[in-house]
Each structure stands twice: as structure tokens, then as C-alpha cells.
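Below is protein-v2.cif, which holds mmCIF, N, CA and C atoms.
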```
data_input
loop_
_atom_site.label_atom_id
_atom_site.label_comp_id
_atom_site.auth_asym_id
_atom_site.auth_seq_id
_atom_site.Cartn_x
_atom_site.Cartn_y
_atom_site.Cartn_z
N MET A 1141 150.25 69.83 154.01
CA MET A 1141 151.09 70.42 153.01
C MET A 1141 152.05 71.41 153.68
N TYR A 1142 153.31 71.27 153.39
CA TYR A 1142 154.33 72.14 153.98
C TYR A 1142 154.59 73.32 153.05
N ILE A 1143 154.50 74.52 153.59
CA ILE A 1143 154.82 75.73 152.83
C ILE A 1143 156.02 76.36 153.51
N PRO A 1144 157.10 76.56 152.76
CA PRO A 1144 158.28 77.15 153.39
C PRO A 1144 157.99 78.56 153.91
N TYR A 1145 158.66 78.90 154.99
CA TYR A 1145 158.44 80.20 155.63
C TYR A 1145 158.75 81.36 154.68
N SER A 1146 159.68 81.19 153.76
CA SER A 1146 160.07 82.28 152.87
C SER A 1146 158.95 82.69 151.92
N ASN A 1147 157.93 81.85 151.75
CA ASN A 1147 156.83 82.19 150.85
C ASN A 1147 155.79 83.09 151.51
N PHE A 1148 155.86 83.25 152.81
CA PHE A 1148 154.90 84.11 153.49
C PHE A 1148 155.32 85.57 153.38
N ARG A 1149 154.34 86.43 153.20
CA ARG A 1149 154.62 87.86 153.21
C ARG A 1149 154.63 88.30 154.67
N THR A 1150 155.70 88.93 155.07
CA THR A 1150 155.83 89.32 156.47
C THR A 1150 155.40 90.76 156.65
N PRO A 1151 154.77 91.08 157.77
CA PRO A 1151 154.37 92.47 158.02
C PRO A 1151 155.58 93.37 158.18
N ALA A 1152 155.47 94.56 157.67
CA ALA A 1152 156.56 95.53 157.78
C ALA A 1152 156.37 96.38 159.03
N ILE A 1153 157.46 96.63 159.68
CA ILE A 1153 157.45 97.56 160.81
C ILE A 1153 158.16 98.80 160.29
N MET A 1154 157.44 99.90 160.25
CA MET A 1154 158.00 101.08 159.63
C MET A 1154 158.28 102.15 160.66
N LYS A 1155 159.47 102.69 160.55
CA LYS A 1155 159.85 103.86 161.33
C LYS A 1155 160.30 104.89 160.31
N PHE A 1156 159.69 106.04 160.35
CA PHE A 1156 160.02 107.07 159.39
C PHE A 1156 161.05 108.01 159.99
N HIS A 1157 162.26 107.97 159.47
CA HIS A 1157 163.32 108.85 159.93
C HIS A 1157 163.20 110.18 159.21
N PRO A 1158 163.38 111.30 159.91
CA PRO A 1158 163.18 112.61 159.27
C PRO A 1158 164.15 112.91 158.13
N ASN A 1159 165.34 112.32 158.13
CA ASN A 1159 166.32 112.58 157.07
C ASN A 1159 166.28 111.54 155.96
N GLU A 1160 165.32 110.64 156.03
CA GLU A 1160 165.25 109.56 155.08
C GLU A 1160 164.02 109.71 154.18
N LEU A 1161 164.17 109.39 152.93
CA LEU A 1161 163.06 109.39 151.98
C LEU A 1161 162.58 107.95 151.85
N THR A 1162 161.32 107.71 152.16
CA THR A 1162 160.75 106.38 152.06
C THR A 1162 159.87 106.32 150.82
N LEU A 1163 160.14 105.32 150.00
CA LEU A 1163 159.35 105.11 148.79
C LEU A 1163 158.55 103.83 148.94
N LEU A 1164 157.26 103.92 148.77
CA LEU A 1164 156.36 102.78 148.80
C LEU A 1164 155.92 102.57 147.36
N LEU A 1165 156.46 101.53 146.71
CA LEU A 1165 156.25 101.40 145.27
C LEU A 1165 156.29 99.96 144.80
N ASP A 1166 155.89 99.78 143.55
CA ASP A 1166 156.04 98.52 142.84
C ASP A 1166 157.24 98.69 141.91
N PRO A 1167 158.39 98.07 142.20
CA PRO A 1167 159.60 98.32 141.42
C PRO A 1167 159.51 97.79 139.99
N LYS A 1168 158.51 96.99 139.68
CA LYS A 1168 158.37 96.45 138.33
C LYS A 1168 157.57 97.38 137.42
N SER A 1169 156.86 98.34 138.00
CA SER A 1169 156.07 99.26 137.19
C SER A 1169 156.96 100.36 136.62
N THR A 1170 156.57 100.93 135.51
CA THR A 1170 157.38 101.99 134.90
C THR A 1170 157.42 103.23 135.78
N THR A 1171 156.28 103.57 136.39
CA THR A 1171 156.27 104.74 137.27
C THR A 1171 157.16 104.51 138.48
N GLY A 1172 157.15 103.30 139.02
CA GLY A 1172 158.00 102.97 140.16
C GLY A 1172 159.47 103.06 139.83
N ARG A 1173 159.86 102.56 138.65
CA ARG A 1173 161.27 102.63 138.25
C ARG A 1173 161.71 104.08 138.02
N LYS A 1174 160.85 104.86 137.38
CA LYS A 1174 161.20 106.26 137.13
C LYS A 1174 161.29 107.05 138.43
N LEU A 1175 160.35 106.78 139.36
CA LEU A 1175 160.38 107.47 140.65
C LEU A 1175 161.64 107.11 141.43
N ARG A 1176 162.02 105.84 141.39
CA ARG A 1176 163.23 105.41 142.09
C ARG A 1176 164.45 106.13 141.53
N ALA A 1177 164.58 106.21 140.21
CA ALA A 1177 165.72 106.90 139.59
C ALA A 1177 165.71 108.39 139.95
N TYR A 1178 164.54 108.99 139.94
CA TYR A 1178 164.43 110.42 140.28
C TYR A 1178 164.82 110.63 141.74
N ALA A 1179 164.36 109.75 142.62
CA ALA A 1179 164.67 109.88 144.05
C ALA A 1179 166.16 109.73 144.33
N HIS A 1180 166.82 108.79 143.65
CA HIS A 1180 168.25 108.61 143.85
C HIS A 1180 169.06 109.80 143.35
N SER A 1181 168.49 110.57 142.43
CA SER A 1181 169.22 111.74 141.94
C SER A 1181 169.11 112.93 142.88
N ILE A 1182 168.11 112.92 143.79
CA ILE A 1182 167.95 114.08 144.67
C ILE A 1182 168.19 113.78 146.14
N CYS A 1183 168.32 112.51 146.51
CA CYS A 1183 168.47 112.16 147.93
C CYS A 1183 169.40 110.96 148.09
N ASN A 1184 170.21 110.98 149.13
CA ASN A 1184 171.13 109.87 149.40
C ASN A 1184 170.50 108.78 150.26
N ASN A 1185 169.67 109.15 151.21
CA ASN A 1185 169.10 108.19 152.16
C ASN A 1185 167.70 107.80 151.72
N ILE A 1186 167.59 106.64 151.06
CA ILE A 1186 166.31 106.19 150.54
C ILE A 1186 165.99 104.81 151.09
N ASN A 1187 164.77 104.67 151.58
CA ASN A 1187 164.26 103.40 152.05
C ASN A 1187 163.15 102.98 151.09
N GLU A 1188 163.39 101.94 150.30
CA GLU A 1188 162.41 101.47 149.33
C GLU A 1188 161.64 100.30 149.91
N ILE A 1189 160.31 100.37 149.79
CA ILE A 1189 159.46 99.29 150.26
C ILE A 1189 158.62 98.83 149.08
N ASP A 1190 158.81 97.58 148.69
CA ASP A 1190 158.05 96.98 147.60
C ASP A 1190 156.74 96.45 148.19
N TYR A 1191 155.64 97.14 147.90
CA TYR A 1191 154.38 96.74 148.52
C TYR A 1191 153.79 95.48 147.89
N THR A 1192 154.39 94.96 146.82
CA THR A 1192 153.90 93.71 146.24
C THR A 1192 154.43 92.49 147.00
N THR A 1193 155.57 92.65 147.68
CA THR A 1193 156.14 91.53 148.43
C THR A 1193 156.13 91.76 149.93
N THR A 1194 156.01 92.99 150.37
CA THR A 1194 156.02 93.31 151.79
C THR A 1194 154.60 93.66 152.22
N ARG A 1195 154.13 92.97 153.22
CA ARG A 1195 152.77 93.21 153.71
C ARG A 1195 152.82 94.26 154.82
N LEU A 1196 152.15 95.37 154.58
CA LEU A 1196 152.06 96.42 155.58
C LEU A 1196 150.83 96.20 156.44
N THR A 1197 150.88 96.60 157.68
CA THR A 1197 149.74 96.43 158.58
C THR A 1197 148.74 97.55 158.36
N THR A 1198 147.53 97.36 158.88
CA THR A 1198 146.51 98.42 158.76
C THR A 1198 146.93 99.66 159.53
N THR A 1199 147.68 99.48 160.60
CA THR A 1199 148.17 100.63 161.36
C THR A 1199 149.13 101.46 160.52
N VAL A 1200 150.02 100.82 159.79
CA VAL A 1200 150.96 101.52 158.93
C VAL A 1200 150.20 102.20 157.80
N TRP A 1201 149.22 101.50 157.20
CA TRP A 1201 148.43 102.11 156.13
C TRP A 1201 147.67 103.33 156.65
N LYS A 1202 147.15 103.23 157.87
CA LYS A 1202 146.42 104.37 158.44
C LYS A 1202 147.37 105.55 158.66
N GLU A 1203 148.58 105.27 159.11
CA GLU A 1203 149.57 106.33 159.32
C GLU A 1203 149.92 106.99 157.98
N ILE A 1204 150.07 106.20 156.94
CA ILE A 1204 150.38 106.74 155.61
C ILE A 1204 149.22 107.57 155.08
N VAL A 1205 147.99 107.07 155.23
CA VAL A 1205 146.82 107.82 154.77
C VAL A 1205 146.69 109.12 155.55
N THR A 1206 147.01 109.10 156.83
CA THR A 1206 146.96 110.33 157.64
C THR A 1206 147.99 111.33 157.14
N MET A 1207 149.19 110.85 156.78
CA MET A 1207 150.21 111.74 156.25
C MET A 1207 149.81 112.30 154.88
N LEU A 1208 149.10 111.50 154.10
CA LEU A 1208 148.61 111.97 152.80
C LEU A 1208 147.56 113.06 152.99
N GLY A 1209 146.83 112.97 154.10
CA GLY A 1209 145.92 114.05 154.47
C GLY A 1209 144.50 113.94 153.98
N ASN A 1210 144.11 112.85 153.38
CA ASN A 1210 142.76 112.74 152.85
C ASN A 1210 142.19 111.35 153.09
N ASN A 1211 141.02 111.16 152.54
CA ASN A 1211 140.35 109.87 152.58
C ASN A 1211 141.10 108.88 151.68
N PRO A 1212 141.32 107.64 152.10
CA PRO A 1212 142.06 106.69 151.27
C PRO A 1212 141.35 106.39 149.95
N GLU A 1213 140.06 106.64 149.88
CA GLU A 1213 139.30 106.39 148.65
C GLU A 1213 139.83 107.24 147.49
N GLU A 1214 140.41 108.39 147.79
CA GLU A 1214 140.93 109.30 146.76
C GLU A 1214 142.20 108.78 146.11
N TYR A 1215 142.90 107.84 146.74
CA TYR A 1215 144.17 107.34 146.24
C TYR A 1215 144.04 105.97 145.60
N ILE A 1216 142.83 105.47 145.53
CA ILE A 1216 142.60 104.14 144.98
C ILE A 1216 142.03 104.27 143.57
N ASP A 1217 142.56 103.46 142.66
CA ASP A 1217 142.11 103.46 141.28
C ASP A 1217 140.80 102.68 141.18
N LYS A 1218 139.73 103.39 140.91
CA LYS A 1218 138.40 102.77 140.84
C LYS A 1218 138.24 101.88 139.61
N ASP A 1219 139.10 102.05 138.60
CA ASP A 1219 139.03 101.24 137.39
C ASP A 1219 139.83 99.95 137.49
N HIS A 1220 140.48 99.72 138.62
CA HIS A 1220 141.26 98.49 138.82
C HIS A 1220 140.29 97.31 138.90
N PRO A 1221 140.64 96.15 138.31
CA PRO A 1221 139.73 94.99 138.32
C PRO A 1221 139.32 94.53 139.72
N VAL A 1222 140.20 94.69 140.72
CA VAL A 1222 139.84 94.28 142.08
C VAL A 1222 138.67 95.12 142.60
N ILE A 1223 138.66 96.40 142.30
CA ILE A 1223 137.59 97.29 142.75
C ILE A 1223 136.35 97.12 141.88
N LYS A 1224 136.54 96.97 140.57
CA LYS A 1224 135.39 96.83 139.66
C LYS A 1224 134.59 95.57 139.93
N ASN A 1225 135.27 94.48 140.34
CA ASN A 1225 134.58 93.22 140.58
C ASN A 1225 133.80 93.22 141.89
N ASP A 1226 134.06 94.18 142.74
CA ASP A 1226 133.36 94.28 144.02
C ASP A 1226 132.14 95.18 143.85
N GLU A 1227 130.97 94.68 144.24
CA GLU A 1227 129.74 95.46 144.09
C GLU A 1227 129.68 96.61 145.09
N ASN A 1228 130.23 96.42 146.26
CA ASN A 1228 130.14 97.41 147.33
C ASN A 1228 131.34 98.35 147.26
N HIS A 1229 131.13 99.57 146.75
CA HIS A 1229 132.22 100.54 146.66
C HIS A 1229 132.16 101.56 147.78
N THR A 1230 131.18 101.45 148.66
CA THR A 1230 131.07 102.39 149.77
C THR A 1230 131.61 101.73 151.02
N TYR A 1231 132.88 102.01 151.29
CA TYR A 1231 133.54 101.46 152.47
C TYR A 1231 133.71 102.56 153.51
N THR A 1232 133.89 102.12 154.73
CA THR A 1232 134.31 103.04 155.78
C THR A 1232 135.83 103.16 155.71
N MET A 1233 136.41 103.96 156.57
CA MET A 1233 137.87 104.09 156.61
C MET A 1233 138.53 102.74 156.83
N HIS A 1234 137.98 101.96 157.76
CA HIS A 1234 138.54 100.64 158.05
C HIS A 1234 138.43 99.72 156.83
N GLY A 1235 137.34 99.84 156.09
CA GLY A 1235 137.17 99.02 154.89
C GLY A 1235 138.19 99.35 153.82
N TRP A 1236 138.44 100.65 153.59
CA TRP A 1236 139.44 101.04 152.61
C TRP A 1236 140.84 100.62 153.05
N LEU A 1237 141.11 100.68 154.36
CA LEU A 1237 142.41 100.23 154.86
C LEU A 1237 142.59 98.73 154.62
N ASN A 1238 141.51 97.96 154.76
CA ASN A 1238 141.58 96.53 154.47
C ASN A 1238 141.80 96.28 152.98
N VAL A 1239 141.22 97.11 152.13
CA VAL A 1239 141.47 96.98 150.69
C VAL A 1239 142.95 97.22 150.41
N LEU A 1240 143.53 98.25 151.01
CA LEU A 1240 144.96 98.53 150.84
C LEU A 1240 145.83 97.42 151.43
N LEU A 1241 145.39 96.87 152.53
CA LEU A 1241 146.13 95.79 153.18
C LEU A 1241 146.19 94.56 152.29
N ASN A 1242 145.07 94.18 151.70
CA ASN A 1242 144.99 92.95 150.93
C ASN A 1242 145.33 93.13 149.44
N SER A 1243 145.15 94.32 148.90
CA SER A 1243 145.41 94.57 147.48
C SER A 1243 146.08 95.93 147.30
N PRO A 1244 147.35 96.08 147.68
CA PRO A 1244 147.99 97.39 147.57
C PRO A 1244 148.19 97.84 146.12
N GLU A 1245 148.04 96.93 145.17
CA GLU A 1245 148.22 97.30 143.76
C GLU A 1245 147.10 98.20 143.24
N VAL A 1246 146.05 98.44 144.04
CA VAL A 1246 144.97 99.32 143.62
C VAL A 1246 145.32 100.80 143.79
N LEU A 1247 146.48 101.10 144.35
CA LEU A 1247 146.91 102.49 144.48
C LEU A 1247 147.09 103.12 143.11
N LYS A 1248 146.80 104.40 142.99
CA LYS A 1248 146.97 105.12 141.72
C LYS A 1248 148.43 105.29 141.35
N GLY A 1249 149.32 105.24 142.32
CA GLY A 1249 150.74 105.40 142.04
C GLY A 1249 151.56 105.18 143.29
N PRO A 1250 152.89 105.27 143.18
CA PRO A 1250 153.76 105.11 144.34
C PRO A 1250 153.59 106.26 145.33
N ILE A 1251 154.01 106.02 146.56
CA ILE A 1251 153.93 107.02 147.62
C ILE A 1251 155.33 107.33 148.12
N ALA A 1252 155.64 108.63 148.24
CA ALA A 1252 156.92 109.08 148.78
C ALA A 1252 156.64 109.73 150.13
N ILE A 1253 157.48 109.41 151.14
CA ILE A 1253 157.28 109.90 152.50
C ILE A 1253 158.59 110.51 153.00
N ARG A 1254 158.47 111.71 153.57
CA ARG A 1254 159.62 112.35 154.21
C ARG A 1254 159.13 113.35 155.23
N LYS A 1255 159.72 113.31 156.42
CA LYS A 1255 159.40 114.23 157.52
C LYS A 1255 157.91 114.34 157.79
N ASN A 1256 157.26 113.23 158.02
CA ASN A 1256 155.83 113.16 158.34
C ASN A 1256 154.94 113.79 157.28
N LYS A 1257 155.41 113.80 156.05
CA LYS A 1257 154.61 114.27 154.94
C LYS A 1257 154.70 113.23 153.83
N ALA A 1258 153.56 112.84 153.31
CA ALA A 1258 153.52 111.85 152.24
C ALA A 1258 152.84 112.45 151.02
N ILE A 1259 153.19 111.93 149.86
CA ILE A 1259 152.61 112.42 148.62
C ILE A 1259 152.45 111.25 147.65
N LEU A 1260 151.32 111.22 146.97
CA LEU A 1260 151.08 110.22 145.94
C LEU A 1260 151.74 110.72 144.66
N CYS A 1261 152.63 109.92 144.11
CA CYS A 1261 153.41 110.33 142.94
C CYS A 1261 152.88 109.65 141.69
N THR A 1262 151.87 110.24 141.06
CA THR A 1262 151.39 109.70 139.79
C THR A 1262 152.36 110.05 138.68
N ASN A 1263 153.14 111.10 138.89
CA ASN A 1263 154.20 111.53 137.98
C ASN A 1263 155.49 111.57 138.81
N PRO A 1264 156.61 111.03 138.30
CA PRO A 1264 157.84 111.01 139.11
C PRO A 1264 158.29 112.37 139.62
N SER A 1265 157.99 113.44 138.91
CA SER A 1265 158.40 114.77 139.37
C SER A 1265 157.56 115.26 140.54
N ASP A 1266 156.49 114.56 140.88
CA ASP A 1266 155.67 114.93 142.04
C ASP A 1266 156.46 114.85 143.34
N ILE A 1267 157.57 114.11 143.33
CA ILE A 1267 158.38 113.96 144.54
C ILE A 1267 158.97 115.29 144.98
N LEU A 1268 159.08 116.25 144.07
CA LEU A 1268 159.62 117.56 144.42
C LEU A 1268 158.69 118.34 145.34
N LYS A 1269 157.43 117.95 145.42
CA LYS A 1269 156.47 118.61 146.31
C LYS A 1269 156.80 118.37 147.77
N LEU A 1270 157.68 117.40 148.05
CA LEU A 1270 158.11 117.15 149.43
C LEU A 1270 159.17 118.15 149.88
N GLY A 1271 159.68 118.96 148.98
CA GLY A 1271 160.66 119.98 149.34
C GLY A 1271 162.07 119.46 149.46
N ILE A 1272 162.40 118.42 148.73
CA ILE A 1272 163.75 117.85 148.77
C ILE A 1272 164.59 118.57 147.73
N THR A 1273 165.76 119.02 148.15
CA THR A 1273 166.68 119.65 147.21
C THR A 1273 167.68 118.61 146.75
N SER A 1274 168.34 118.87 145.68
CA SER A 1274 169.29 117.93 145.10
C SER A 1274 170.49 117.72 146.01
N ASN A 1275 171.01 116.49 146.01
CA ASN A 1275 172.20 116.19 146.79
C ASN A 1275 173.46 116.35 145.96
N ILE A 1276 173.33 116.83 144.73
CA ILE A 1276 174.49 117.04 143.87
C ILE A 1276 175.12 118.38 144.26
N PRO A 1277 176.38 118.37 144.68
CA PRO A 1277 177.00 119.63 145.11
C PRO A 1277 177.16 120.58 143.93
N MET A 1278 176.93 121.83 144.19
CA MET A 1278 177.10 122.85 143.17
C MET A 1278 178.59 123.14 143.04
N LYS A 1279 179.08 123.19 141.82
CA LYS A 1279 180.48 123.50 141.60
C LYS A 1279 180.67 125.01 141.63
N THR A 1280 181.64 125.42 142.40
CA THR A 1280 181.97 126.84 142.48
C THR A 1280 183.04 127.13 141.44
N LEU A 1281 182.79 128.11 140.64
CA LEU A 1281 183.77 128.49 139.63
C LEU A 1281 185.05 128.97 140.32
N PRO A 1282 186.21 128.72 139.69
CA PRO A 1282 187.49 129.05 140.33
C PRO A 1282 187.62 130.52 140.72
N HIS A 1283 187.13 131.43 139.91
CA HIS A 1283 187.29 132.84 140.23
C HIS A 1283 186.33 133.31 141.33
N LEU A 1284 185.35 132.45 141.75
CA LEU A 1284 184.42 132.81 142.82
C LEU A 1284 184.78 132.15 144.15
N ARG A 1285 185.79 131.30 144.17
CA ARG A 1285 186.18 130.62 145.40
C ARG A 1285 186.85 131.57 146.38
N ALA A 1286 186.58 131.36 147.66
CA ALA A 1286 187.22 132.16 148.70
C ALA A 1286 188.68 131.75 148.81
N ARG A 1287 189.54 132.73 148.99
CA ARG A 1287 190.98 132.42 149.07
C ARG A 1287 191.48 132.55 150.46
#
```

Give the structure from the file, written as C-alpha cells.
Amino acid sequence: MYIPYSNFRTPAIMKFHPNELTLLLDPKSTTGRKLRAYAHSICNNINEIDYTTTRLTTTVWKEIVTMLGNNPEEYIDKDHPVIKNDENHTYTMHGWLNVLLNSPEVLKGPIAIRKNKAILCTNPSDILKLGITSNIPMKTLPHLRAR
């Protein structure tokens, strides 16, 4: 049986640029769409990665979990059917990374990454915890302008 190459999910090679905001999200989810709109309003340089179509490696997942700063088990939705159907919920770090590798939809929400800091965004306004200021220029009133 021939399967066209375009049907394979290809591994992502990620380089995190310090001036770029990287969003790891499902663009079809409501939280993902809201986060994307919020991110575009505060930052010009955005790298969006759809984790439903792009396969990330365990090394990339480990780097993201390290930036998040905790155990990957804390970012996984235990009520998701993929986790509920599995009897063994006690995984090692490598086991949780394999869960993320094979079923990234078990994440509690999208992840925003900037300057080696990542945050799980269960609410779109959580992106402000990364310390990004708005890219909208402030208008100076005419009587306050330097002459």
C-alpha cells in the first residue's frame, strides 16, 4: 500500500529565538484561537506550531517541560480519554514525554515560549506572565511632543 509522503507527520526542529514568541497550540480549539489573537495584539514576531499536525521530538518536549519548570504530569489533563483508558498513571519522566510525543492533545492548554521561559496558558491572558509588552505604539498628544 502506497502512502503519500505528505500524510506523514514530520518531526519539528525548534530553535527558540529570544525576540520571538513561540506558540504551541491547537488552532482549532477556542483557547488556541483566543491565545493566537491575544498574542498578535502584543507581539509582532510569532512562531505558531500546531501540535496536532506537527510531531515534536522527545528532546523538544523535554526542553519545553524544562522551561515550564515542573514535572510534565502537572500539565497533562488526567480526565482526557487517552489518560483515563490507560491503567498505569505512574510514569517516569521519559514515560510522560512519550505520552506528549504520541498524544499532545492531552495538554491542559496551549504553551507560550519566549526567552527560555515557557508558560501553560489555560487562559489567554496568561501570556502576559511572560513579560511581553504591547507592540502598539503609544500616541503622544500634540502638546506633549518635543519641538

Under the PyMOL selection byres (((chain A and resi 1205 and name CA) around 12) and name CA), which residues of this model are included? Write them out as a short mmCIF file (atom, residue, chain, number, x, y, z; two decimals) with N, CA and C atoms, keeping the file's coordinate frame.
```cif
data_model
loop_
_atom_site.label_atom_id
_atom_site.label_comp_id
_atom_site.auth_asym_id
_atom_site.auth_seq_id
_atom_site.Cartn_x
_atom_site.Cartn_y
_atom_site.Cartn_z
N THR A 1198 147.53 97.36 158.88
CA THR A 1198 146.51 98.42 158.76
C THR A 1198 146.93 99.66 159.53
N THR A 1199 147.68 99.48 160.60
CA THR A 1199 148.17 100.63 161.36
C THR A 1199 149.13 101.46 160.52
N VAL A 1200 150.02 100.82 159.79
CA VAL A 1200 150.96 101.52 158.93
C VAL A 1200 150.20 102.20 157.80
N TRP A 1201 149.22 101.50 157.20
CA TRP A 1201 148.43 102.11 156.13
C TRP A 1201 147.67 103.33 156.65
N LYS A 1202 147.15 103.23 157.87
CA LYS A 1202 146.42 104.37 158.44
C LYS A 1202 147.37 105.55 158.66
N GLU A 1203 148.58 105.27 159.11
CA GLU A 1203 149.57 106.33 159.32
C GLU A 1203 149.92 106.99 157.98
N ILE A 1204 150.07 106.20 156.94
CA ILE A 1204 150.38 106.74 155.61
C ILE A 1204 149.22 107.57 155.08
N THR A 1206 147.01 109.10 156.83
CA THR A 1206 146.96 110.33 157.64
C THR A 1206 147.99 111.33 157.14
N MET A 1207 149.19 110.85 156.78
CA MET A 1207 150.21 111.74 156.25
C MET A 1207 149.81 112.30 154.88
N LEU A 1208 149.10 111.50 154.10
CA LEU A 1208 148.61 111.97 152.80
C LEU A 1208 147.56 113.06 152.99
N GLY A 1209 146.83 112.97 154.10
CA GLY A 1209 145.92 114.05 154.47
C GLY A 1209 144.50 113.94 153.98
N ASN A 1210 144.11 112.85 153.38
CA ASN A 1210 142.76 112.74 152.85
C ASN A 1210 142.19 111.35 153.09
N ASN A 1211 141.02 111.16 152.54
CA ASN A 1211 140.35 109.87 152.58
C ASN A 1211 141.10 108.88 151.68
N PRO A 1212 141.32 107.64 152.10
CA PRO A 1212 142.06 106.69 151.27
C PRO A 1212 141.35 106.39 149.95
N GLU A 1213 140.06 106.64 149.88
CA GLU A 1213 139.30 106.39 148.65
C GLU A 1213 139.83 107.24 147.49
N GLU A 1214 140.41 108.39 147.79
CA GLU A 1214 140.93 109.30 146.76
C GLU A 1214 142.20 108.78 146.11
N TYR A 1215 142.90 107.84 146.74
CA TYR A 1215 144.17 107.34 146.24
C TYR A 1215 144.04 105.97 145.60
N ILE A 1216 142.83 105.47 145.53
CA ILE A 1216 142.60 104.14 144.98
C ILE A 1216 142.03 104.27 143.57
N MET A 1233 136.41 103.96 156.57
CA MET A 1233 137.87 104.09 156.61
C MET A 1233 138.53 102.74 156.83
N HIS A 1234 137.98 101.96 157.76
CA HIS A 1234 138.54 100.64 158.05
C HIS A 1234 138.43 99.72 156.83
N TRP A 1236 138.44 100.65 153.59
CA TRP A 1236 139.44 101.04 152.61
C TRP A 1236 140.84 100.62 153.05
N LEU A 1237 141.11 100.68 154.36
CA LEU A 1237 142.41 100.23 154.86
C LEU A 1237 142.59 98.73 154.62
N LEU A 1240 143.53 98.25 151.01
CA LEU A 1240 144.96 98.53 150.84
C LEU A 1240 145.83 97.42 151.43
N LEU A 1247 146.48 101.10 144.35
CA LEU A 1247 146.91 102.49 144.48
C LEU A 1247 147.09 103.12 143.11
N ILE A 1251 154.01 106.02 146.56
CA ILE A 1251 153.93 107.02 147.62
C ILE A 1251 155.33 107.33 148.12
N ALA A 1252 155.64 108.63 148.24
CA ALA A 1252 156.92 109.08 148.78
C ALA A 1252 156.64 109.73 150.13
N ILE A 1253 157.48 109.41 151.14
CA ILE A 1253 157.28 109.90 152.50
C ILE A 1253 158.59 110.51 153.00
N ASN A 1256 157.26 113.23 158.02
CA ASN A 1256 155.83 113.16 158.34
C ASN A 1256 154.94 113.79 157.28
N LYS A 1257 155.41 113.80 156.05
CA LYS A 1257 154.61 114.27 154.94
C LYS A 1257 154.70 113.23 153.83
N ALA A 1258 153.56 112.84 153.31
CA ALA A 1258 153.52 111.85 152.24
C ALA A 1258 152.84 112.45 151.02
N ILE A 1259 153.19 111.93 149.86
CA ILE A 1259 152.61 112.42 148.62
C ILE A 1259 152.45 111.25 147.65
N LEU A 1260 151.32 111.22 146.97
CA LEU A 1260 151.08 110.22 145.94
C LEU A 1260 151.74 110.72 144.66
#
```

Computed interatomic separation between CA of Tyr1191 (chain A) and atom C of Leu1165 (chain A) (Å):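 Pair CA of Tyr1191 (chain A) / atom C of Leu1165 (chain A) returns 5.3 Å.
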
Evaluating the PyMOL selection byres ((chain A and resi 1264) around 7) on the displayed file yields which residues, as a ChimeraX atom specification? /A:1171,1174-1175,1178,1261-1263,1265-1268

Check which residues satisfy the PyMOL selection byres ((chain A and resi 1185) around 8) in the file shown, then give them as JSON, numbers by chain. {"A": [1159, 1160, 1161, 1162, 1179, 1180, 1182, 1183, 1184, 1186, 1187, 1188]}

Coordinates-based distance that separates CA of Glu1245 (chain A) from CA of Asp1166 (chain A) (Å, one decimal): 8.0 Å

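Interatomic distance, atom N of Pro1221 (chain A) against atom C of Lys1269 (chain A): 29.1 Å.
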
Using all atoms of region 1249-1256 of chain A listed in the file and a margin of 3 Å per side, can you give the axis-aligned box centre and edge lengths in Å to one decimal, as AutoDock Vina command-line options?
```
--center_x 154.5 --center_y 109.7 --center_z 150.2 --size_x 16.4 --size_y 15.2 --size_z 22.3
```

Spatial neighbours of Lys1218 (chain A), max dist 9 Å, only C-alpha atoms, sep filter under 3 positions, as an mmCIF file with N, CA and C atoms, in the coordinates of the input:
```cif
data_model
loop_
_atom_site.group_PDB
_atom_site.id
_atom_site.type_symbol
_atom_site.label_atom_id
_atom_site.label_comp_id
_atom_site.auth_asym_id
_atom_site.auth_seq_id
_atom_site.Cartn_x
_atom_site.Cartn_y
_atom_site.Cartn_z
ATOM 1 N N GLU A 1213 140.060 106.640 149.880
ATOM 2 C CA GLU A 1213 139.300 106.390 148.650
ATOM 3 C C GLU A 1213 139.830 107.240 147.490
ATOM 4 N N PRO A 1221 140.640 96.150 138.310
ATOM 5 C CA PRO A 1221 139.730 94.990 138.320
ATOM 6 C C PRO A 1221 139.320 94.530 139.720
ATOM 7 N N VAL A 1222 140.200 94.690 140.720
ATOM 8 C CA VAL A 1222 139.840 94.280 142.080
ATOM 9 C C VAL A 1222 138.670 95.120 142.600
ATOM 10 N N ILE A 1223 138.660 96.400 142.300
ATOM 11 C CA ILE A 1223 137.590 97.290 142.750
ATOM 12 C C ILE A 1223 136.350 97.120 141.880
ATOM 13 N N LYS A 1224 136.540 96.970 140.570
ATOM 14 C CA LYS A 1224 135.390 96.830 139.660
ATOM 15 C C LYS A 1224 134.590 95.570 139.930
ATOM 16 N N HIS A 1229 131.130 99.570 146.750
ATOM 17 C CA HIS A 1229 132.220 100.540 146.660
ATOM 18 C C HIS A 1229 132.160 101.560 147.780
ATOM 19 N N VAL A 1246 146.050 98.440 144.040
ATOM 20 C CA VAL A 1246 144.970 99.320 143.620
ATOM 21 C C VAL A 1246 145.320 100.800 143.790
ATOM 22 N N LYS A 1248 146.800 104.400 142.990
ATOM 23 C CA LYS A 1248 146.970 105.120 141.720
ATOM 24 C C LYS A 1248 148.430 105.290 141.350
#
```
